[in-house]
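J.: This one is data33.cif, mmCIF, C-alpha atoms.
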data_data
#
loop_
_atom_site.label_atom_id
_atom_site.label_comp_id
_atom_site.auth_asym_id
_atom_site.auth_seq_id
_atom_site.Cartn_x
_atom_site.Cartn_y
_atom_site.Cartn_z
CA MET A 1 191.72 129.05 101.25
CA THR A 2 189.41 126.06 101.02
CA THR A 3 187.92 126.12 97.56
CA SER A 4 187.24 123.75 94.74
CA GLY A 5 189.00 126.12 92.38
CA THR A 6 192.10 125.18 90.41
CA ALA A 7 194.87 127.22 88.88
CA ALA A 8 194.72 127.03 85.10
CA PRO A 9 197.25 128.37 82.54
CA HIS A 10 196.39 130.77 80.47
CA ARG A 11 194.48 171.07 99.63
CA THR A 12 193.26 169.56 103.00
CA PRO A 13 192.31 172.25 105.68
CA ALA A 14 194.58 172.66 108.70
CA GLY A 15 193.65 171.05 111.99
CA PRO A 16 191.35 168.15 111.05
CA LYS A 17 189.36 166.77 113.95
CA PRO A 18 190.95 163.59 115.36
CA GLY A 19 188.81 160.50 115.41
CA GLY A 20 191.19 157.81 116.72
CA VAL A 21 194.41 155.95 115.96
CA GLU A 22 195.02 152.52 114.45
CA SER A 23 198.34 150.71 114.91
CA GLU A 24 200.06 147.30 114.95
CA ASN A 25 203.20 145.81 116.44
CA HIS A 26 205.11 146.96 113.40
CA PRO A 27 205.55 150.69 114.08
CA TRP A 28 202.95 152.52 112.06
CA LYS A 29 200.06 154.78 112.95
CA ILE A 30 197.19 156.17 110.94
CA ARG A 31 195.11 159.04 112.26
CA LEU A 32 191.40 158.75 111.61
CA VAL A 33 190.05 162.24 111.04
CA ASP A 34 186.71 163.75 110.16
CA HIS A 35 186.18 164.68 106.54
CA PRO A 36 186.30 168.44 106.05
CA LYS A 37 183.14 169.85 104.49
CA ARG A 38 183.53 169.40 100.76
CA TYR A 39 184.09 172.72 99.02
CA GLU A 40 182.62 173.08 95.54
CA SER A 41 184.57 175.52 93.43
CA ALA A 42 182.91 177.93 91.02
CA TYR A 43 184.53 175.88 88.25
CA PHE A 44 182.79 172.71 89.40
CA ARG A 45 179.42 174.41 89.83
CA ALA A 46 179.60 175.80 86.30
CA ALA A 47 180.61 172.42 84.89
CA LYS A 48 177.78 170.61 86.69
CA ARG A 49 175.17 173.10 85.50
CA THR A 50 176.33 172.55 81.95
CA VAL A 51 176.43 168.78 82.03
CA HIS A 52 172.92 168.62 83.51
CA LYS A 53 171.74 170.59 80.46
CA ILE A 54 173.61 168.17 78.21
CA LEU A 55 172.10 165.14 79.93
CA ALA A 56 168.61 166.63 79.54
CA GLU A 57 169.18 166.72 75.77
CA MET A 58 170.31 163.09 75.54
CA ASP A 59 168.16 160.06 74.90
CA ASN A 60 168.24 157.40 77.60
CA ASP A 61 170.00 154.95 75.30
CA ASP A 62 172.85 157.42 74.73
CA LEU A 63 173.69 158.01 78.41
CA PRO A 64 177.25 156.84 79.10
CA TYR A 65 176.82 154.85 82.34
CA GLY A 66 173.49 153.34 83.19
CA SER A 67 169.97 154.65 83.44
CA ARG A 68 168.81 158.16 84.25
CA PRO A 69 168.23 158.56 88.03
CA THR A 70 164.61 158.53 89.17
CA GLY A 71 162.75 159.57 92.31
CA ALA A 72 164.99 160.77 95.11
CA GLN A 73 168.10 159.70 93.23
CA HIS A 74 170.26 162.16 91.37
CA TRP A 75 173.30 162.25 89.13
CA GLU A 76 176.65 162.23 90.91
CA MET A 77 179.58 163.74 89.02
CA HIS A 78 182.74 161.67 89.08
CA HIS A 79 186.10 163.35 88.50
CA GLY A 80 186.97 160.70 85.96
CA GLY A 81 188.15 162.52 82.84
CA SER A 82 184.90 163.52 81.14
CA LEU A 83 185.60 164.62 77.57
CA TRP A 84 182.25 165.92 76.32
CA VAL A 85 181.89 166.55 72.59
CA LYS A 86 179.01 167.19 70.22
CA GLY A 87 178.81 165.46 66.87
CA LYS A 88 176.22 165.30 64.13
CA ASN A 89 174.23 162.75 66.17
CA GLY A 90 174.32 164.68 69.44
CA TRP A 91 176.37 164.66 72.63
CA ARG A 92 178.88 161.97 73.49
CA MET A 93 181.27 161.55 76.41
CA TYR A 94 184.71 160.00 76.05
CA ARG A 95 187.04 159.20 78.94
CA ALA A 96 190.40 160.92 79.17
CA ARG A 97 193.61 158.92 79.37
CA VAL A 98 193.67 159.85 83.07
CA GLY A 99 190.95 161.37 85.25
CA ILE A 100 192.07 163.52 88.19
CA GLU A 101 190.12 162.75 91.35
CA TRP A 102 189.59 165.89 93.49
CA SER A 103 192.08 164.90 96.21
CA MET A 104 194.70 163.91 93.63
CA GLN A 105 195.11 167.48 92.35
CA PHE A 106 197.39 168.14 95.31
CA CYS A 107 200.01 165.74 93.97
CA ALA A 108 199.48 166.55 90.30
CA GLU A 109 202.40 167.98 88.34
CA PRO A 110 201.16 170.87 86.14
CA SER A 111 203.10 169.79 83.04
CA LYS A 112 201.49 166.33 83.19
CA VAL A 113 198.03 167.81 83.61
CA ASP A 114 198.78 170.09 80.68
CA ARG A 115 199.26 167.02 78.52
CA LEU A 116 195.70 166.02 79.43
CA ARG A 117 194.53 169.49 78.37
CA GLU A 118 196.31 169.16 75.04
CA GLU A 119 194.78 165.74 74.41
CA ALA A 120 191.31 167.04 75.32
CA ALA A 121 191.74 170.00 72.96
CA GLU A 122 192.75 167.69 70.12
CA LEU A 123 189.62 165.59 70.60
CA VAL A 124 187.29 168.59 70.88
CA ASP A 125 188.82 170.13 67.76
CA ALA A 126 187.77 167.01 65.87
CA PHE A 127 184.15 167.83 66.82
CA PRO A 128 183.72 171.45 65.65
CA LEU A 129 180.12 171.63 66.87
CA THR A 130 181.26 171.27 70.49
CA LEU A 131 182.52 174.73 71.51
CA PRO A 132 179.61 176.67 69.95
CA ALA A 133 177.16 174.25 71.60
CA LEU A 134 178.82 174.63 75.00
CA ALA A 135 178.77 178.42 74.66
CA ALA A 136 175.06 178.24 73.84
CA LEU A 137 174.55 176.31 77.08
CA GLY A 138 176.37 179.05 79.00
CA TYR A 139 179.74 177.31 79.34
CA GLU A 140 181.70 180.02 77.53
CA GLU A 141 184.93 179.20 79.38
CA ALA A 142 185.39 175.94 77.50
CA GLU A 143 187.64 177.33 74.79
CA GLN A 144 189.83 179.22 77.27
CA LEU A 145 190.23 176.07 79.35
CA LEU A 146 191.35 174.12 76.31
CA ARG A 147 193.74 176.79 74.98
CA THR A 148 195.44 177.97 78.23
CA PRO A 149 198.57 176.02 79.27
CA ILE A 150 198.51 174.57 82.79
CA THR A 151 201.59 175.81 84.61
CA ASP A 152 200.69 176.11 88.32
CA ALA A 153 198.44 174.79 91.08
CA ASP A 154 195.66 177.27 90.34
CA ALA A 155 195.45 176.01 86.79
CA VAL A 156 195.50 172.40 87.99
CA GLU A 157 192.56 173.17 90.29
CA ARG A 158 190.68 174.82 87.45
CA TRP A 159 191.20 171.81 85.18
CA THR A 160 190.38 169.30 87.93
CA ASP A 161 186.93 170.83 88.42
CA CYS A 162 186.13 171.64 84.80
CA LEU A 163 183.73 169.99 82.38
CA PHE A 164 186.55 168.06 80.73
CA ASN A 165 187.52 166.22 83.91
CA ALA A 166 184.90 166.44 86.66
CA CYS A 167 181.66 165.43 84.98
CA VAL A 168 181.36 161.69 84.43
CA PRO A 169 177.67 161.21 85.34
CA MET A 170 176.96 158.17 87.47
CA SER A 171 174.39 156.85 89.90
CA HIS A 172 175.45 156.77 93.55
CA GLY A 173 176.01 153.03 93.35
CA ASN A 174 178.15 153.08 90.25
CA HIS A 175 180.10 156.03 91.67
CA GLN A 176 180.65 155.25 95.35
CA GLY A 177 178.76 152.07 96.18
CA VAL A 178 180.15 148.98 97.86
CA LEU A 179 179.07 145.37 97.75
CA PRO A 180 176.79 143.62 98.45
CA GLN A 181 174.65 146.44 97.02
CA VAL A 182 176.31 148.08 94.00
CA PRO A 183 180.06 148.14 93.26
CA GLY A 184 181.27 151.70 92.71
CA GLU A 185 184.20 152.90 90.65
CA HIS A 186 185.85 154.45 93.72
CA HIS A 187 186.15 151.07 95.43
CA TYR A 188 186.63 148.46 92.72
CA PRO A 189 189.27 148.25 89.96
CA TRP A 190 188.12 149.83 86.71
CA PRO A 191 189.17 146.89 84.50
CA VAL A 192 186.59 144.86 86.43
CA LYS A 193 183.98 147.53 87.22
CA GLY A 194 183.96 148.60 83.58
CA ALA A 195 182.52 145.22 82.62
CA ASP A 196 179.28 146.21 84.35
CA PHE A 197 178.53 148.44 81.39
CA VAL A 198 179.19 145.87 78.65
CA ARG A 199 178.30 142.49 80.17
CA TYR A 200 175.26 140.37 79.33
CA GLN A 201 172.61 141.20 81.93
CA ASP A 202 172.08 137.50 82.67
CA PHE A 203 175.73 137.02 83.71
CA GLU A 204 176.41 137.77 87.40
CA LEU A 205 179.77 139.52 87.48
CA TRP A 206 179.79 140.11 91.27
CA VAL A 207 179.43 136.99 93.42
CA THR A 208 179.55 135.86 97.04
CA LEU A 209 182.46 133.54 97.77
CA PRO A 210 182.15 130.54 100.11
CA ASP A 211 183.67 132.49 103.03
CA GLY A 212 181.02 135.22 102.71
CA THR A 213 183.27 137.82 101.10
CA HIS A 214 182.51 139.28 97.69
CA GLY A 215 184.43 138.97 94.49
CA ALA A 216 184.09 139.18 90.73
CA VAL A 217 184.33 136.47 88.11
CA ALA A 218 184.42 136.17 84.34
CA PRO A 219 183.69 133.25 82.00
CA VAL A 220 186.71 131.44 80.60
CA ASP A 221 185.29 131.14 77.09
CA ARG A 222 182.79 132.81 74.80
CA ARG A 223 179.03 132.56 75.19
CA GLY A 224 177.65 129.32 73.82
CA SER A 225 180.86 127.34 74.31
CA GLY A 226 179.28 125.20 77.01
CA ASP A 227 182.21 125.81 79.35
CA GLY A 228 180.88 126.66 82.81
CA HIS A 229 184.22 127.40 84.49
CA VAL A 230 184.67 130.91 85.84
CA ARG A 231 187.83 132.90 86.46
CA LEU A 232 188.31 134.98 89.61
CA VAL A 233 189.15 138.52 88.50
CA HIS A 234 188.77 140.35 91.84
CA VAL A 235 188.77 139.32 95.50
CA SER A 236 189.07 141.40 98.66
CA GLU A 237 192.25 141.23 100.72
CA GLU A 238 190.44 139.61 103.66
CA SER A 239 189.01 136.81 101.55
CA GLU A 240 190.21 133.24 102.03
CA ALA A 241 190.55 133.19 98.26
CA ALA A 242 193.08 136.05 98.23
CA ALA A 243 196.15 133.81 98.66
CA ALA A 244 195.23 131.56 95.73
CA PHE A 245 194.34 134.58 93.62
CA VAL A 246 197.71 136.24 94.29
CA GLU A 247 199.59 132.98 93.69
CA ALA A 248 197.90 132.56 90.32
CA GLN A 249 198.83 136.13 89.40
CA GLU A 250 202.45 135.59 90.40
CA GLN A 251 202.66 132.43 88.31
CA GLY A 252 200.97 133.98 85.30
CA LYS A 253 197.99 131.65 85.66
CA MET A 254 194.26 132.03 86.23
CA ALA A 255 192.41 131.16 89.43
CA VAL A 256 189.49 129.13 88.07
CA LEU A 257 186.47 127.54 89.73
CA PRO A 258 184.65 124.53 88.22
CA PRO A 259 181.13 124.63 86.76
CA ASN A 260 179.57 122.89 89.78
CA SER A 261 181.06 125.30 92.32
CA PRO A 262 178.63 127.63 94.16
CA VAL A 263 180.43 130.61 92.64
CA ALA A 264 180.07 129.42 89.04
CA LEU A 265 176.44 128.49 89.66
CA GLN A 266 175.79 132.03 90.89
CA ALA A 267 177.48 133.54 87.88
CA PHE A 268 175.40 131.59 85.37
CA ALA A 269 172.19 131.23 87.40
CA GLN A 270 170.10 133.41 85.07
CA GLN A 271 171.22 131.64 81.88
#
So, in terms of structure tokens, how does the structure I just supplied come out?

T.:
Amino acid sequence: MTTSGTAAPHRTPAGPKPGGVESENHPWKIRLVDHPKRYESAYFRAAKRTVHKILAEMDNDDLPYGSRPTGAQHWEMHHGGSLWVKGKNGWRMYRARVGIEWSMQFCAEPSKVDRLREEAAELVDAFPLTLPALAALGYEEAEQLLRTPITDADAVERWTDCLFNACVPMSHGNHQGVLPQVPGEHHYPWPVKGADFVRYQDFELWVTLPDGTHGAVAPVDRRGSGDGHVRLVHVSEESEAAAAFVEAQEQGKMAVLPPNSPVALQAFAQQ
């Protein structure tokens, strides 16, 4: 890496259609196959209908992740652990300790998913307006979902596609996008992506590195400190910066770029 940065302390269907093979000298092969047509369970359809009704009741400022879609855009539902509750001030969504992505249900141990059910039930019970409100919206299965132990794959599937797991509402970009457009939760680490929803709008979290790859940075001190250094918090594996980033991690240090570097200038350009 050539950079002015310094290290500072501190259930898949049978017979998928083949699409090719990738390999290297080291003996490994990966089959590239066509995606099967995504099947939407009745559980997921019911959950989506309900959360759209919930979202219609919410003010824009109360939406959990970004603005309401407009025009041809629409909400995408992320299987991210969506714990919907209703309090005296309206609907709120909390995130579960773990969200089960659709494909991950096939490796999910029922007893561990049941712990998620128990935790969801405990939260919902703290908001006694929730179950009556969900029933009024037509989601009468909510209480049964929360009270029925998860002991087999059918129950795991039901929980995976229910309102309490499958309905984190996001725009397409925040859900599945990739840089240089919008970084989506499916492709970028949540500890970094999550900052998109709390950062100052005039701080550029996602930047272009000198080699043309994309990464993410954070300030090294609080706003107003006058310190223009930035810390690399995410780089892609193909980036020239990856080696320095990994070395810093291994040594318990930070990979930092100086205030006059192109990356730091990008990050603070709007300030």

J.: So what does the PyMOL selection byres ((chain A and resi 131) around 12) actually pick up in this one, as an MDAnalysis selection string?

T.: chainID A and resid 84:87 91 121 123:130 132:147 163

J.: Could you tell me, as a list in words, exactly which residues end up selected when the PyMOL selection byres ((chain A and resi 235) around 7) is applied to this structure?

T.: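 Residues picked by the PyMOL selection byres ((chain A and resi 235) around 7): His214, Gly215, Ala216, His234, Ser236, Glu237, Ser239, Ala241 and Ala242 of chain A.
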
J.: Using only C-alpha atoms for the distances, tell me which of A:Arg92, A:Gln73, A:Ala264, A:Pro258 is nearest to Asp61 of chain A.

T.: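 For Asp61 of chain A, the nearest of the given residues is A:Arg92.
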
J.: Using only C-alpha atoms, can you tell me which of A:Pro69, A:Ala155, A:Ser103, A:Leu232 comes closest to Lys253 of chain A?

T.: A:Leu232

J.: Suppose a student applies the PyMOL selection byres ((chain A and resi 57) around 12) to this structure; what residues should they get, written as an NGL selection string?

T.: :A and (50-56 or 58-63 or 86 or 89-92 or 133 or 137)

J.: One decimal, Å: what's the distance from atom CA of Lys112 of chain A over to atom CA of Phe164 of chain A, could you say?

T.: 15.2 Å

J.: Between atom CA of Arg231 of chain A and atom CA of Ala269 of chain A, what distance in Å does the model show, to one decimal?

T.: 15.8 Å

J.: For a cut-off of 12 Å around (195.5, 165.8, 92.3), file coordinates, pick out all residues using only C-alpha atoms and list them as number ranges by chain.

T.: A: 11-12, 79-80, 98-110, 112-113, 153-161, 165

J.: For atom CA of Trp190 of chain A and atom CA of Ala243 of chain A, quote the distance in Å rounded to one decimal.

T.: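 Atom CA of Trp190 of chain A sits 21.5 Å away from atom CA of Ala243 of chain A.
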
J.: As number ranges by chain, please: the residues near Ala195 of chain A (cut-off 12 Å, only C-alpha atoms, same-chain neighbours under 3 positions excluded).

T.: A: 65, 174, 183, 185, 188-192, 198-201, 203-206, 216-218, 233

J.: With distances taken over only C-alpha atoms, which residue among A:Arg49, A:Phe44, A:Val182, A:Asp114 lies nearest Asp196 of chain A?

T.: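 Nearest to Asp196 of chain A: A:Val182.
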
J.: Can you tell me which residues surround Cys167 of chain A at a distance of at most 6 Å, considering all atoms listed in the file, apart from same-chain residues fewer than 3 positions away, and format the answer as a PyMOL selection string?

T.: chain A and resi 77-78+82+163

J.: Can you spit out the residues from that selection as a PDB file, keeping the file's coordinate frame, using C-alpha atoms?

T.:
ATOM      1  CA  MET A  77     179.580 163.740  89.020  1.00  0.00           C
ATOM      2  CA  HIS A  78     182.740 161.670  89.080  1.00  0.00           C
ATOM      3  CA  SER A  82     184.900 163.520  81.140  1.00  0.00           C
ATOM      4  CA  LEU A 163     183.730 169.990  82.380  1.00  0.00           C
TER       5      LEU A 163
END

J.: Just checking: using all atoms listed in the file, which residue out of A:Phe197, A:Asp202, A:Ser225, A:Val220 ends up closest to Leu257 of chain A?

T.: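 Of A:Phe197, A:Asp202, A:Ser225, A:Val220, the one nearest Leu257 of chain A, counting all atoms listed in the file, is A:Val220.
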
J.: Pull the neighbourhood of (176.6, 128.8, 83.9) for me: all residues within 6 Å in file coordinates, counting all atoms listed in the file, as a list in words.

T.: Gly228, Leu265 and Phe268 of chain A
